[in-house]
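J.: Please read through the structure below; I'll follow up with questions.
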Amino acid sequence: MNNGNHGKDSKAIEISIDGKIIAASEGELLVEAVLREKEIPHICYHSPLMGPIQTCDTCLVEVGGKLQRACGTKVSAGMQVVTESERAKNARSEAFDVILGNHMLYCTVCDNNNENCRVHNTALALNVQHQHHEFKPKPYEVDMSNPFYRYDPSQCILCGQCVQACQTVQVNETLSIGWELDHPRVLWDGGMQIGGSSCVSCGHCITVCPCNALMEKSMLGEAGFMSGMPKTALNKMIDVVKAIEPEMGYGAIMQVSQTESMMREERIKKTKTVCTYCAVGCSYDVWTKGRNILKIVPQHGEANEISTCVKGKFGWDFVNSKDRLQSPLIREGNGFREASWEEALTLVVSKFTEIKNQYGPDALSVIISSKCTNEDGYLMQKFARAVLGTNNIDNCSRYCQAPATTGLFRTVGYGGDSGSIENIAKSGLVLIIGSNTAEAHPVLATRVKRAHKLFGQRLIVADPREHEMAHRADIHFRPRPGTDLVWLSAMSRYMIDNGHAKMDFVNQWVNGFEEYRKSLEPFTMEYAAKTCEVPLETLEQVARELVAARSIAILWAMGITQHMRASDGSTAISNLLLITGNYMRDEGGAYPLRGHNNVQGAGDIGAAPNVFPGYQPVNDPEIRAKFEKVWGVPLPSERGMDNHQMVDGMVEGKMRAMYLAGEDMIQADSNANHVAKAYGNLDFFVVQDIFFSETCRYADVILPAVPALEKEGTFSSTERRIQRLYQALPELGDSRADWKITQDIANRMGANWNYTHPSEIMAEMASLTPLYAGVTFERLEEYKTLQWPVAEDGTDQPVLYLNGFPFPDNKAKFHPLEFREPDEALDEEFDLFLNNGRMLEHFHEGNMTKRVSGIHEETPERYLEISEELARERDIESGQWVRVTSRHGTLKIKVLVAKRVVGQQVYLGLYSPNEGPINILTGSHADNATNTPAYKETAVRIEVLPEKGSNPLKPLNPRFSGKPTPQNGVEVERKWARKDYRMPGTQALVQIQPSR
């Protein structure tokens with residue numbers, strides 16, 4: 001994670017540690033230099049990411065004859081450091097003894113005795129036998145108010161790592177320490193309880209806690225061999241341990257705890273995996289005991305390091321849900337019956353073969369999930385092309401990301417982020433357009449929040465709604481929905497007209513400038529202000545910020561890509577980045593934030609009607625011949641149908657059968673009523689999934705697949721980062737990995753595939769796909785990653801375009817644009833604009849997250865956000881039921897009066913537990929370049945119903961009444977100012993007792 005150096009190289013110097021000359025970097029923390037040479041205690045110091053906290057005093061060393069905290073001292077040339085002097089060792093021991101006054105050592109019966117408790121490990125390293133500071137419990141109850149974790153104040157050593165993580169890494173700014181209290185403790189929003197605070201359950205605090213003060217509830221009573229006993233018995237064992245210590249010392253007790261800890265290692269499995277929610281690509285170890293998921297431990301992920309969000313840290317209970325499909329199902333009348341794999345696959349093969357023979361291969365289609373691995377998806381698109389003989393293939397990027405990919409292909413040549421998440425953090429200015437980043441991509445948002453808070457990064461947000469990133473922004477403005485192309489193009493014209501365009505860059509690296517400049521004639525700032533309904537002064541202020549920024553990174557998501565001119569809006573973003581010279585550098589650039597965990601990978605592996613893996617056109621004879629040679633069959637040459645066209649094909653009777661994996665099309669596609677009717681027209685429909693979704697109701701055969709924790713493979717994240725995931729749990733019941741199911745169907749239809757492991761599938765794909773040429777499972781072992789394009793020798797490209805653009809002349813292209821008004825306008829009947837998007841706690845419609853009890857507890861229902869103005873105008877309160885009606889459908893839902901929306905705009909989250917998907921309201925109109933539905937262009941009216949319910953936003957939800965308490969880290973100076981604080985190694989003041 002970005003630590004504020006913005007890529008500047010540090011000067012190499014030499015220092016002396018215990019008489020040995022070692023190399024160091026000027027300005028680095030001394031503790032880092034020391035730890036490269038030897039181990040010394042450092043309870044409160046975690047990493048350069050967290051920086052110096054300086055609360056524990058256990059890393060004291062002598063520098064130039066003076067005691068100094070190694071974590072709070074920066075290295076300088078010629079520094080003389082002594083770590084092993086009696087003075088330094090005694091000071092460290094004294095500091096640790098103070099810590100033990102705040103922490104009861106009952107390691108053998110502690111659920112955190114898993115070789116990761118730094119207090120336990122330090123007690124061993126220092127060979128602590130007795131403690132001088134008697135343990136004194138704090139007068140606070142254990143806090144169990146959060147559904148996922150608990151805080152035990154009496155075990156808290158006040159190191160402040162949780163506060164530092166919350167304030168400077170996650171930047172949720174919930175935690176602090178009440179240093180001025182008689183008994184200091186960690187506070188949530190300045191108060192004593194977690195529940196009801198602004199805590200978003202991201203889990204950063206638990207990840208960095210060096211003891212058992214903060215722990216996952218899923219670990220309690222589960223990790224240890226004896227920790228699950230009744231509390232009274234547990235307390236008696238703890239009392240025995242404490243009674244033994246004065247006479248025997250901690251040595252014997254620690255030997256027992258070490259033995260028990262090693263026993264735990266035998267039954268607790270730790271498996272590296274990659275998150276299965278959004279596309280940030282967080283990776284971590286998952287701890288399992290049998291099928292119990294004990295905890296998620298992030299440490300080494302390139303994208304996230306210690307970071308997680310509520311879903312990635314705690315959202316895994318769905319894997320063991322009672323709703324999991326475990327056997328094949330075959331339709332029987334209006335219901336389904338269980339069947340064997342033999343019966344189910346025999347039926348699938350016979351029906352696919354029959355329909356192919358009668359109507360031709362293009363009467364069949366395949367839809368591939370962006371939740372599946374690259375290897376799963378590769379086999380499914382190969383099955384469609386090489387076995388069924390059709391290019392009727394697609395994936396859910398059609399619903400969100402295809403316009404961004406198109407805009408980038410038009411201008412710079414690759415359909416992916418131009419840099420890494422790290423390059424976003426380095427940028428001088430971040431412009432977020434149509435993205436609720438803190439809720440849709442929380443871990444990526446932490447990078448921006450951190451750079452903005454600590455390192456002076458400027459932040460501008462263009463969004464109709466004031467979400468968290470908009471609230472934090474230096475400038476937030478609200479363009480009229482569907483008009484972003486206008487103000488973006490006006491910014492480009494402003495750069496040219498006022499001499500701020502980077503013409504040296506443009507002349508050398510970009511084609512089509514004159515035609516582009518001519519196309520910008522209509523896009524004056526005055527025209528943009530009027531069309532977008534944004535004050536001219538605001539647009540001019542934004543333009544000045546863009547001019548002043550040393551580099552600009554633009555982040556965008558579905559607020560851009562789900563409009564009628566979505567591809568043009570994305571193109572306008574790339575045009576602006578070209579005119580300002582923000583490509584070909586290691587900061588700034590284009591970042592379309594991908595939605596699902598493998599939506600980038602689904603595009604990469606050829607889950608599209610017009611391209612083979614690696615975006616190679618199906619209508620190119622040479623490319624097609626390459627695939628035909630390896631696959632051993634002739635392949636179709638014409639572009640197939642995308643999923644939008646497939647729906648129309650079903651209605652028209654052209655599309656007769658479909659094989660769909662892991663997509664709930666009824667809830668995901670636009671105009672759900674129309675889509676449901678279309679699926680009802682199919683002659684034969686196969687759905688492969690882990691749950692019985694709404695779409696399954698229309699299936700003829702349902703095949704039970706497995707989630708990511710039950711298989712191996714790779715995912716490709718939003719930053720083009722390819723990562724391995726390992727199987728943590730056995731396949732549940734009779735379910736199977738997607739690639740195994742697809743191979744079985746293919747072989748029964750005449751293929752001769754013999755893949756025994758996903759690595760063999762990736763090897764084949766890499767041999768045919770230049771973008772993935774050097775990708776192997778060996779090069780991705782454990783936490784190793786690669787960012788495409790990857791050369792055959794394994795060299796990857798974290799930053800694209802450093803040496804030019806992937807066009808024949810090595811130059812990018814300006815793409816001229818025109819503006820057209822959104823097709824669906826407001827009128828007297830449909831007088832409100834409906835916006836929609838994700839909620840932090842839930843992922844899309846909630847197929848996975850609604851099966852996580854803690855998430856359901858925090859956010860059990862969805863709601864329609866309406867503005868305070870609209871609420872006053874129509875006499876509506878939070879909890880009121882309303883009927884929302886569009887030109888396409890109707891929904892009944894509760895209202896939440898919220899400051900986040902204004903005027904005649906309303907907002908509805910995608911989460912749909914009961915009332916039906918939001919897509920009942922959305923129409924079939926779509927972006928003309930990609931057929932991506934214009935979900936964000938829907939006019940509605942609301943009818944107030946007589947029923948009134950409770951507030952749909954629950955007190956446990958951080959948005960209910962949370963009030964963050966921002967501060968710069970732990971504020972350790974407040975601890976040092978306490979009368980009872982004395983730096984270890986310094987002489988205590990003599991207390992003179994008055995004579996009696």
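Lettering and numbering for the structure tokens are positional, with chains as A, B, ... in the shown order, residues counted from 1 in each chain, and ligands counted from 1 in the shown order.
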Can you list, as a ChimeraX atom specification, every protein, DNA or RNA residue that comes within 9 Å of range 371-373 of chain A when you count only C-alpha atoms, leaving out same-chain residues fewer than 6 positions away?
T.: /A:276-277,596-599,601-602,661-663,707-708,712-716,738-739
J.: Write out as a PyMOL selection string all residues of range 555-619 of chain A that backbone DSSP assigns to strand (DSSP E).
T.: chain A and resi 555-556+589-592+611-612+616-617
J.: Can you tell me how far CA of Gly854 in chain A sits from CA of Asp323 in chain A, in Å to one decimal?
T.: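 These two atoms are separated by 16.9 Å.
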J.: From the list A:Gly804, A:Gly903, A:Gly949, A:Gly969, which residue is nearest Glu877 in chain A when using only C-alpha atoms?
T.: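 When distances to Glu877 in chain A are compared using only C-alpha atoms, the smallest one comes from A:Gly949.
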J.: Given only C-alpha atoms as the basis, pick out the residue of A:Met254, A:Ala528, A:Leu485, A:Val98 nearest to Leu576 in chain A.
T.: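 Smallest distance to Leu576 in chain A is found for A:Leu485.
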J.: Given the choices A:Arg480, A:Trp188, A:Val241, A:Glu587, which gets closest to Arg465 in chain A if the distance is worked out from only C-alpha atoms?
T.: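 Closest residue, counting only C-alpha atoms: A:Arg480.
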J.: When DSSP is applied to the backbone of this structure, which of range 174-388 of chain A are assigned helix (DSSP H, G or I)? Write them out as a VMD selection string.
T.: chain A and resid 204 to 208 217 to 219 231 to 248 250 to 267 310 to 314 317 to 320 341 to 359 361 to 363 374 to 388
J.: Find the spatial neighbours of Leu826 in chain A, counting only C-alpha atoms, within a cut-off of 12 Å - ignore same-chain residues fewer than 2 positions away - and output them as a list in words.
T.: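 Residues near the query, excluding close chain neighbours: Arg480, Pro481, Glu821, Pro822, Asp823, Glu824, Glu828, Glu829, Phe830, Asp831, Leu832, Phe833, Leu834, Ser886, Arg887, Gln904, Gln905, Glu937, Thr938, Ala939, Val940 and Arg941 of chain A.
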J.: Residues of the last selection are to be written out with C-alpha atoms, as a short mmCIF file (atom, residue, chain, number, x, y, z; two decimals), in the first residue's frame.
T.:
data_model
loop_
_atom_site.label_atom_id
_atom_site.label_comp_id
_atom_site.auth_asym_id
_atom_site.auth_seq_id
_atom_site.Cartn_x
_atom_site.Cartn_y
_atom_site.Cartn_z
CA ARG A 480 -27.77 15.48 -14.57
CA PRO A 481 -27.85 11.70 -15.19
CA GLU A 821 -30.18 13.21 -24.67
CA PRO A 822 -31.14 10.11 -22.65
CA ASP A 823 -34.00 8.21 -24.29
CA GLU A 824 -36.15 7.87 -21.16
CA GLU A 828 -45.72 14.68 -15.58
CA GLU A 829 -46.60 11.03 -14.91
CA PHE A 830 -43.10 9.64 -14.31
CA ASP A 831 -41.59 12.59 -12.51
CA LEU A 832 -38.71 11.02 -10.54
CA PHE A 833 -35.32 9.81 -11.69
CA LEU A 834 -34.44 6.34 -10.33
CA SER A 886 -41.94 2.80 -14.05
CA ARG A 887 -42.99 2.46 -17.66
CA GLN A 904 -36.56 14.58 -7.66
CA GLN A 905 -33.99 11.78 -7.58
CA GLU A 937 -31.98 5.86 -17.13
CA THR A 938 -35.33 5.00 -15.58
CA ALA A 939 -38.19 7.37 -14.83
CA VAL A 940 -40.60 6.39 -12.05
CA ARG A 941 -43.46 7.67 -9.93
#
J.: To one decimal in Å, tell me the separation between CA of Val128 in chain A and CA of Gly251 in chain A.
T.: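 Spanning CA of Val128 in chain A to CA of Gly251 in chain A is a straight-line distance of 7.3 Å.
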J.: Determine, counting only C-alpha atoms, which protein, DNA and RNA residues have an atom within 6 Å of an atom of Val310 in chain A; residues of the same chain fewer than 4 positions away are not included. Present the result as a list of chain:residue names.
T.: A:Ser201, A:Cys202, A:Phe314
J.: Output all heavy atoms for every residue in the selection just made, as an mmCIF file, in the first residue's frame.
T.:
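Here's the written file result05.cif:
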data_model
loop_
_atom_site.group_PDB
_atom_site.id
_atom_site.type_symbol
_atom_site.label_atom_id
_atom_site.label_comp_id
_atom_site.auth_asym_id
_atom_site.auth_seq_id
_atom_site.Cartn_x
_atom_site.Cartn_y
_atom_site.Cartn_z
ATOM 1 N N SER A 201 -17.352 -2.927 9.961
ATOM 2 C CA SER A 201 -16.971 -4.340 10.081
ATOM 3 C C SER A 201 -15.991 -4.758 8.999
ATOM 4 O O SER A 201 -16.068 -5.863 8.466
ATOM 5 C CB SER A 201 -18.213 -5.240 10.048
ATOM 6 O OG SER A 201 -19.101 -4.925 11.091
ATOM 7 N N CYS A 202 -15.046 -3.875 8.690
ATOM 8 C CA CYS A 202 -14.049 -4.207 7.665
ATOM 9 C C CYS A 202 -13.045 -5.228 8.164
ATOM 10 O O CYS A 202 -12.419 -5.935 7.380
ATOM 11 C CB CYS A 202 -13.329 -2.950 7.198
ATOM 12 S SG CYS A 202 -12.313 -2.169 8.483
ATOM 13 N N PHE A 314 -15.893 -11.390 6.479
ATOM 14 C CA PHE A 314 -16.896 -12.138 7.227
ATOM 15 C C PHE A 314 -17.985 -12.779 6.367
ATOM 16 O O PHE A 314 -18.844 -13.476 6.908
ATOM 17 C CB PHE A 314 -17.575 -11.214 8.243
ATOM 18 C CG PHE A 314 -16.635 -10.604 9.247
ATOM 19 C CD1 PHE A 314 -16.377 -9.240 9.240
ATOM 20 C CD2 PHE A 314 -16.008 -11.388 10.195
ATOM 21 C CE1 PHE A 314 -15.524 -8.669 10.165
ATOM 22 C CE2 PHE A 314 -15.134 -10.827 11.122
ATOM 23 C CZ PHE A 314 -14.901 -9.466 11.104
#
J.: Could you check the closest approach to Arg838 in chain A for each of A:Asn292, A:Thr390, A:Ser321, A:Ser912 and tell me which residue wins, using only C-alpha atoms?
T.: A:Ser912
J.: Could you check how far CA of Asn334 in chain A sits from CA of Thr695 in chain A, in Å to one decimal?
T.: 14.3 Å
J.: Considering only C-alpha atoms, state which residue in the set A:Ala699, A:Gln645, A:Met219, A:Ser257 is at the smallest distance from Ala123 in chain A.
T.: A:Ser257
J.: What's around Leu864 in chain A at 9 Å? Count only C-alpha atoms, leave out sequence neighbours fewer than 2 positions away in its own chain, and write the answer as number ranges by chain.
T.: A: 862, 866, 882, 884, 893-897, 906-909
J.: Give me a file of those residues, with N, CA, C and O atoms, as a compact mmCIF listing (two decimals), in the first residue's frame.
T.:
# COMPACT_ATOMS: atom_id res chain seq x y z
N ARG A 862 -33.95 -3.90 2.13
CA ARG A 862 -33.54 -2.77 1.30
C ARG A 862 -34.59 -1.67 1.42
O ARG A 862 -35.63 -1.83 2.06
N ILE A 866 -35.17 8.54 -0.53
CA ILE A 866 -35.76 9.74 -1.12
C ILE A 866 -35.20 10.96 -0.38
O ILE A 866 -34.75 10.86 0.75
N VAL A 882 -44.26 2.41 -0.04
CA VAL A 882 -44.68 3.08 -1.27
C VAL A 882 -44.69 2.08 -2.41
O VAL A 882 -44.04 1.03 -2.34
N VAL A 884 -43.49 1.89 -6.21
CA VAL A 884 -42.66 2.54 -7.23
C VAL A 884 -43.04 1.94 -8.58
O VAL A 884 -42.97 0.72 -8.76
N ILE A 893 -42.15 -1.14 -1.78
CA ILE A 893 -40.91 -1.08 -1.00
C ILE A 893 -41.02 0.00 0.08
O ILE A 893 -41.83 0.92 -0.02
N LYS A 894 -40.19 -0.13 1.12
CA LYS A 894 -40.13 0.89 2.17
C LYS A 894 -39.27 2.07 1.73
O LYS A 894 -38.38 1.95 0.89
N VAL A 895 -39.50 3.20 2.40
CA VAL A 895 -38.78 4.43 2.11
C VAL A 895 -37.80 4.73 3.25
O VAL A 895 -38.07 4.47 4.42
N LEU A 896 -36.64 5.27 2.88
CA LEU A 896 -35.71 5.87 3.83
C LEU A 896 -35.48 7.31 3.40
O LEU A 896 -35.02 7.56 2.29
N VAL A 897 -35.80 8.24 4.25
CA VAL A 897 -35.52 9.65 3.97
C VAL A 897 -34.03 9.88 4.24
O VAL A 897 -33.54 9.63 5.34
N VAL A 906 -34.37 9.55 -6.72
CA VAL A 906 -34.52 8.51 -5.70
C VAL A 906 -33.49 7.43 -5.99
O VAL A 906 -32.99 7.30 -7.11
N TYR A 907 -33.17 6.65 -4.96
CA TYR A 907 -32.11 5.65 -5.10
C TYR A 907 -32.58 4.33 -4.51
O TYR A 907 -33.12 4.29 -3.40
N LEU A 908 -32.36 3.24 -5.25
CA LEU A 908 -32.74 1.91 -4.80
C LEU A 908 -31.55 0.97 -4.93
O LEU A 908 -30.96 0.84 -6.01
N GLY A 909 -31.16 0.34 -3.82
CA GLY A 909 -30.06 -0.62 -3.86
C GLY A 909 -30.42 -1.87 -4.64
O GLY A 909 -31.59 -2.25 -4.77
J.: Nearest to Phe612 in chain A: which of A:Leu682, A:Leu768, A:Ala445, A:Leu840 is it, counting only C-alpha atoms?
T.: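 Closest residue, counting only C-alpha atoms: A:Leu768.
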J.: Find the residues near range 366-368 of chain A: any atom within 6 Å, counting only C-alpha atoms, skip ones fewer than 5 places away on the same chain, and give them as a ChimeraX atom specification.
T.: /A:393-395,658-661
J.: Quick one: residues within 6 Å of Thr271 in chain A, only C-alpha atoms counted, chain neighbours fewer than 6 positions away excluded, as a PyMOL selection string?
T.: chain A and resi 285-286+728
